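Containing PDB, C-alpha atoms: structure-v7.pdb.
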MODEL        1
ATOM      1  CA  MET A 188     -63.758  40.932 -47.761
ATOM      2  CA  THR A 189     -62.513  38.639 -45.012
ATOM      3  CA  THR A 190     -64.457  35.496 -44.221
ATOM      4  CA  GLU A 191     -65.722  35.622 -40.663
ATOM      5  CA  ARG A 192     -64.707  32.740 -38.464
ATOM      6  CA  VAL A 193     -66.420  32.103 -35.168
ATOM      7  CA  VAL A 194     -64.401  30.299 -32.523
ATOM      8  CA  ALA A 195     -66.229  27.399 -30.903
ATOM      9  CA  PRO A 196     -67.459  28.309 -27.430
ATOM     10  CA  ALA A 197     -65.097  27.247 -24.645
ATOM     11  CA  ILE A 198     -67.976  25.924 -22.570
ATOM     12  CA  ALA A 199     -70.715  24.136 -24.494
ATOM     13  CA  ASP A 200     -72.314  20.771 -25.034
ATOM     14  CA  GLU A 201     -70.542  18.237 -27.221
ATOM     15  CA  ARG A 202     -72.555  18.849 -30.400
ATOM     16  CA  THR A 203     -72.033  22.622 -30.190
ATOM     17  CA  THR A 204     -68.310  22.125 -29.583
ATOM     18  CA  LEU A 205     -67.822  19.696 -32.468
ATOM     19  CA  THR A 206     -69.907  21.676 -34.966
ATOM     20  CA  GLY A 207     -68.236  24.891 -33.830
ATOM     21  CA  PHE A 208     -64.774  23.493 -34.513
ATOM     22  CA  LEU A 209     -65.907  22.067 -37.861
ATOM     23  CA  ASP A 210     -67.444  25.357 -38.984
ATOM     24  CA  PHE A 211     -64.271  27.176 -37.922
ATOM     25  CA  GLN A 212     -62.232  24.834 -40.134
ATOM     26  CA  ARG A 213     -64.623  25.317 -43.055
ATOM     27  CA  ALA A 214     -64.350  29.102 -42.681
ATOM     28  CA  THR A 215     -60.559  28.803 -42.518
ATOM     29  CA  LEU A 216     -60.493  27.106 -45.923
ATOM     30  CA  GLU A 217     -62.745  29.807 -47.344
ATOM     31  CA  ARG A 218     -60.477  32.477 -45.893
ATOM     32  CA  LYS A 219     -57.346  30.869 -47.370
ATOM     33  CA  CYS A 220     -58.942  31.133 -50.816
ATOM     34  CA  ALA A 221     -60.343  34.652 -50.460
ATOM     35  CA  GLY A 222     -59.130  37.378 -52.793
ATOM     36  CA  LEU A 223     -57.276  35.131 -55.223
ATOM     37  CA  SER A 224     -57.808  34.939 -58.969
ATOM     38  CA  ASP A 225     -59.079  31.789 -60.665
ATOM     39  CA  ASP A 226     -55.552  31.142 -61.958
ATOM     40  CA  GLN A 227     -54.090  31.462 -58.468
ATOM     41  CA  LEU A 228     -56.699  29.078 -57.065
ATOM     42  CA  ARG A 229     -55.699  26.524 -59.732
ATOM     43  CA  GLU A 230     -51.945  26.923 -59.247
ATOM     44  CA  ARG A 231     -50.218  23.796 -57.947
ATOM     45  CA  ALA A 232     -48.182  23.856 -54.745
ATOM     46  CA  VAL A 233     -44.841  22.453 -55.946
ATOM     47  CA  PRO A 234     -44.057  19.624 -58.318
ATOM     48  CA  PRO A 235     -44.752  16.760 -58.168
ATOM     49  CA  SER A 236     -47.678  17.668 -55.882
ATOM     50  CA  GLN A 237     -51.064  18.106 -57.532
ATOM     51  CA  LEU A 238     -52.413  20.142 -54.596
ATOM     52  CA  SER A 239     -54.006  23.504 -55.283
ATOM     53  CA  LEU A 240     -56.491  25.573 -53.337
ATOM     54  CA  LEU A 241     -59.241  24.881 -55.869
ATOM     55  CA  GLY A 242     -58.406  21.182 -55.754
ATOM     56  CA  ILE A 243     -58.718  21.207 -51.970
ATOM     57  CA  VAL A 244     -62.122  22.936 -52.150
ATOM     58  CA  ARG A 245     -63.355  20.388 -54.696
ATOM     59  CA  HIS A 246     -61.932  17.521 -52.650
ATOM     60  CA  MET A 247     -63.662  18.792 -49.502
ATOM     61  CA  ALA A 248     -66.985  19.000 -51.356
ATOM     62  CA  GLU A 249     -66.556  15.310 -52.166
ATOM     63  CA  VAL A 250     -65.555  14.516 -48.577
ATOM     64  CA  GLU A 251     -68.599  16.356 -47.197
ATOM     65  CA  ARG A 252     -70.843  14.437 -49.589
ATOM     66  CA  ASN A 253     -69.253  11.088 -48.842
ATOM     67  CA  TRP A 254     -69.399  11.265 -45.052
ATOM     68  CA  PHE A 255     -72.712  13.004 -44.576
ATOM     69  CA  ARG A 256     -74.902  12.006 -47.541
ATOM     70  CA  THR A 257     -73.501   8.558 -48.227
ATOM     71  CA  VAL A 258     -72.448   7.306 -44.801
ATOM     72  CA  LEU A 259     -74.960   8.990 -42.508
ATOM     73  CA  GLU A 260     -77.970   9.357 -44.816
ATOM     74  CA  GLY A 261     -77.418   6.130 -46.696
ATOM     75  CA  ALA A 262     -77.478   7.755 -50.139
ATOM     76  CA  GLU A 263     -75.964   5.949 -53.089
ATOM     77  CA  MET A 264     -72.234   6.597 -53.392
ATOM     78  CA  GLU A 265     -71.730   9.099 -56.170
ATOM     79  CA  THR A 266     -69.170  11.740 -56.833
ATOM     80  CA  ILE A 267     -69.656  15.333 -57.841
ATOM     81  CA  PHE A 268     -66.760  16.156 -60.129
ATOM     82  CA  TRP A 269     -65.937  12.871 -61.854
ATOM     83  CA  PRO A 270     -67.563   9.584 -62.738
ATOM     84  CA  PRO A 271     -65.567   6.591 -61.552
ATOM     85  CA  LEU A 272     -64.497   6.948 -57.945
ATOM     86  CA  ASP A 273     -61.086   8.438 -58.700
ATOM     87  CA  TRP A 274     -60.534  10.473 -55.541
ATOM     88  CA  GLN A 275     -57.408  12.198 -56.841
ATOM     89  CA  ARG A 276     -59.135  13.608 -59.907
ATOM     90  CA  THR A 277     -60.356  16.680 -58.001
ATOM     91  CA  PHE A 278     -56.712  17.678 -57.636
ATOM     92  CA  ARG A 279     -55.612  16.846 -61.189
ATOM     93  CA  GLU A 280     -58.304  18.098 -63.536
ATOM     94  CA  LEU A 281     -58.701  21.803 -62.911
ATOM     95  CA  ASP A 282     -58.031  23.492 -66.248
ATOM     96  CA  GLN A 283     -61.707  23.590 -67.213
ATOM     97  CA  ALA A 284     -63.102  23.635 -63.680
ATOM     98  CA  SER A 285     -65.297  26.587 -62.830
ATOM     99  CA  THR A 286     -64.140  28.148 -59.574
ATOM    100  CA  ALA A 287     -67.542  29.747 -58.952
ATOM    101  CA  GLU A 288     -69.339  26.448 -59.493
ATOM    102  CA  SER A 289     -66.805  24.539 -57.380
ATOM    103  CA  PHE A 290     -67.222  26.915 -54.442
ATOM    104  CA  ALA A 291     -71.022  26.903 -54.807
ATOM    105  CA  ILE A 292     -71.083  23.101 -54.725
ATOM    106  CA  TRP A 293     -68.761  22.976 -51.712
ATOM    107  CA  ARG A 294     -70.878  25.524 -49.828
ATOM    108  CA  ALA A 295     -74.052  23.599 -50.688
ATOM    109  CA  GLU A 296     -72.540  20.340 -49.424
ATOM    110  CA  CYS A 297     -71.502  22.095 -46.181
ATOM    111  CA  ALA A 298     -75.027  23.463 -45.773
ATOM    112  CA  HIS A 299     -76.513  20.010 -46.357
ATOM    113  CA  SER A 300     -74.132  18.517 -43.800
ATOM    114  CA  ARG A 301     -75.027  21.189 -41.240
ATOM    115  CA  ALA A 302     -78.743  20.534 -41.764
ATOM    116  CA  LEU A 303     -78.255  16.794 -41.317
ATOM    117  CA  VAL A 304     -76.328  17.317 -38.066
ATOM    118  CA  THR A 305     -78.911  19.792 -36.768
ATOM    119  CA  ALA A 306     -81.746  17.363 -37.528
ATOM    120  CA  ALA A 307     -80.011  14.388 -35.899
ATOM    121  CA  PRO A 308     -81.665  13.563 -32.571
ATOM    122  CA  SER A 309     -78.251  12.934 -30.975
ATOM    123  CA  LEU A 310     -74.600  12.246 -31.671
ATOM    124  CA  GLU A 311     -75.465   8.562 -31.292
ATOM    125  CA  VAL A 312     -76.917   8.508 -34.841
ATOM    126  CA  THR A 313     -75.063   6.009 -37.000
ATOM    127  CA  GLY A 314     -74.565   5.176 -40.622
ATOM    128  CA  TRP A 315     -72.643   2.574 -42.578
ATOM    129  CA  ARG A 316     -69.348   2.550 -44.456
ATOM    130  CA  ARG A 317     -67.931  -0.604 -46.003
ATOM    131  CA  GLY A 318     -70.033  -2.791 -43.728
ATOM    132  CA  GLU A 319     -68.939  -0.982 -40.569
ATOM    133  CA  GLN A 320     -71.235   1.120 -38.421
ATOM    134  CA  ILE A 321     -69.987   4.723 -38.074
ATOM    135  CA  GLY A 322     -71.305   7.251 -35.550
ATOM    136  CA  LEU A 323     -72.098  10.919 -36.147
ATOM    137  CA  ARG A 324     -69.680  11.890 -33.360
ATOM    138  CA  TRP A 325     -66.867  10.042 -35.181
ATOM    139  CA  VAL A 326     -67.778  11.644 -38.526
ATOM    140  CA  LEU A 327     -67.709  15.148 -37.023
ATOM    141  CA  THR A 328     -64.342  14.473 -35.390
ATOM    142  CA  HIS A 329     -62.976  13.010 -38.611
ATOM    143  CA  MET A 330     -64.173  16.022 -40.604
ATOM    144  CA  ILE A 331     -62.395  18.400 -38.215
ATOM    145  CA  GLU A 332     -59.217  16.373 -38.739
ATOM    146  CA  GLU A 333     -59.683  16.282 -42.520
ATOM    147  CA  TYR A 334     -60.158  20.040 -42.776
ATOM    148  CA  ALA A 335     -57.304  20.776 -40.363
ATOM    149  CA  ARG A 336     -54.906  18.668 -42.441
ATOM    150  CA  HIS A 337     -55.918  20.293 -45.710
ATOM    151  CA  ASN A 338     -55.943  23.750 -44.142
ATOM    152  CA  GLY A 339     -52.290  23.151 -43.311
ATOM    153  CA  HIS A 340     -51.719  22.491 -47.006
ATOM    154  CA  ALA A 341     -53.744  25.611 -47.832
ATOM    155  CA  ASP A 342     -51.557  27.703 -45.499
ATOM    156  CA  LEU A 343     -48.443  26.699 -47.398
ATOM    157  CA  ILE A 344     -50.011  27.116 -50.835
ATOM    158  CA  ARG A 345     -51.371  30.570 -49.976
ATOM    159  CA  GLU A 346     -48.032  31.728 -48.592
ATOM    160  CA  ARG A 347     -46.321  30.529 -51.770
ATOM    161  CA  LEU A 348     -48.865  32.370 -53.959
ATOM    162  CA  ASP A 349     -48.816  35.808 -52.398
ATOM    163  CA  GLY A 350     -46.971  35.688 -49.095
ATOM    164  CA  ALA A 351     -50.162  35.811 -47.011
ATOM    165  CA  THR A 352     -49.757  34.004 -43.708
ATOM    166  CA  GLY A 353     -51.746  33.636 -40.546
ATOM    167  CA  GLN A 354     -54.810  31.857 -39.445
TER
ENDMDL
END
Can the structure in the file be given as structure tokens, please?
Amino acid sequence: MTTERVVAPAIADERTTLTGFLDFQRATLERKCAGLSDDQLRERAVPPSQLSLLGIVRHMAEVERNWFRTVLEGAEMETIFWPPLDWQRTFRELDQASTAESFAIWRAECAHSRALVTAAPSLEVTGWRRGEQIGLRWVLTHMIEEYARHNGHADLIRERLDGATGQ
């Protein structure tokens, strides 16, 4: 089964455009992982890199949580997959990681983020990060950039695993 991706409308308001591009990037990551075994999802790109598709999914769950729950909602900073804030651990410690649980957590974080954005009265909503005020518009733009960068990694990893290429 291929993950459906919906292209952001070419003519729309700013919120629809930004969320459309972000959802397209989220669906791209899902598509890059589709049809692979748990072992393939755990397989590292090339030494010394620790990148793997499962690692990217777990990392993006953390990124979703950090920017939407922590920064915009003001929740206490906490991580999903590891205690101390070791951001690289999502890439390193995959041997015992459940792929089903990892994907479920990532999807739940995406759903929570979508709900937060939908409920926001405008893109002028702000939150705080390290004493600096951060706007929802900036967070959405940053998330598009974050996914696009990691989807580039996912392209290369997927091609290495089974030769699959394309968007």
If the PyMOL selection byres ((chain A and resi 190-196) around 8) were run on this exact file, what residues would it hold? Put them as a PyMOL selection string.
chain A and resi 188-189+197-199+203-204+206-208+210-211+214-215+217-218+221
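Compared by their closest atoms to Leu241 of chain A, and using only C-alpha atoms, the residues A:Thr257, A:Gln275, A:Ser285, A:Thr266 rank with A:Ser285 nearest.
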Given only C-alpha atoms as the basis, pick out the residue of A:Phe255, A:Leu216, A:Gly242, A:Asp200 nearest to Val312 of chain A.
A:Phe255
Residue with the minimum atom-to-atom distance to Arg245 of chain A, picked from A:Ser289, A:Gln212, A:Gln283, A:Gln227 with only C-alpha atoms counted, is A:Ser289
Expansion of the PyMOL selection byres ((chain A and resi 224) around 12) into residues, as a short mmCIF file (atom, residue, chain, number, x, y, z; two decimals) with C-alpha atoms, in the coordinates of the input:
data_model
loop_
_atom_site.label_atom_id
_atom_site.label_comp_id
_atom_site.auth_asym_id
_atom_site.auth_seq_id
_atom_site.Cartn_x
_atom_site.Cartn_y
_atom_site.Cartn_z
CA CYS A 220 -58.94 31.13 -50.82
CA ALA A 221 -60.34 34.65 -50.46
CA GLY A 222 -59.13 37.38 -52.79
CA LEU A 223 -57.28 35.13 -55.22
CA ASP A 225 -59.08 31.79 -60.66
CA ASP A 226 -55.55 31.14 -61.96
CA GLN A 227 -54.09 31.46 -58.47
CA LEU A 228 -56.70 29.08 -57.06
CA ARG A 229 -55.70 26.52 -59.73
CA GLU A 230 -51.94 26.92 -59.25
CA LEU A 240 -56.49 25.57 -53.34
CA LEU A 241 -59.24 24.88 -55.87
CA SER A 285 -65.30 26.59 -62.83
CA THR A 286 -64.14 28.15 -59.57
CA ALA A 287 -67.54 29.75 -58.95
CA ARG A 345 -51.37 30.57 -49.98
CA LEU A 348 -48.86 32.37 -53.96
CA ASP A 349 -48.82 35.81 -52.40
#
Which residues come within 10 Å of His246 of chain A, counting all atoms listed in the file, excluding same-chain residues fewer than 5 positions away, as a PyMOL selection string?
chain A and resi 240-241+251-252+267-268+274-278+289+293+337
Interface rows for segment 243-294 of chain A against segment 319-323 of chain A: nearest pair, Å to one decimal, 12 Å, all atoms listed in the file, as a Markdown table:
| residue | atom | partner | partner_atom | distance |
| --- | --- | --- | --- | --- |
| A:Trp254 | CA | A:Leu323 | CA | 9.3 |
| A:Phe255 | CA | A:Leu323 | CA | 8.7 |
| A:Arg256 | CA | A:Leu323 | CA | 11.8 |
| A:Thr257 | CA | A:Ile321 | CA | 11.4 |
| A:Val258 | CA | A:Ile321 | CA | 7.6 |
| A:Leu259 | CA | A:Leu323 | CA | 7.2 |
| A:Glu260 | CA | A:Leu323 | CA | 10.6 |
| A:Gly261 | CA | A:Ile321 | CA | 11.5 |
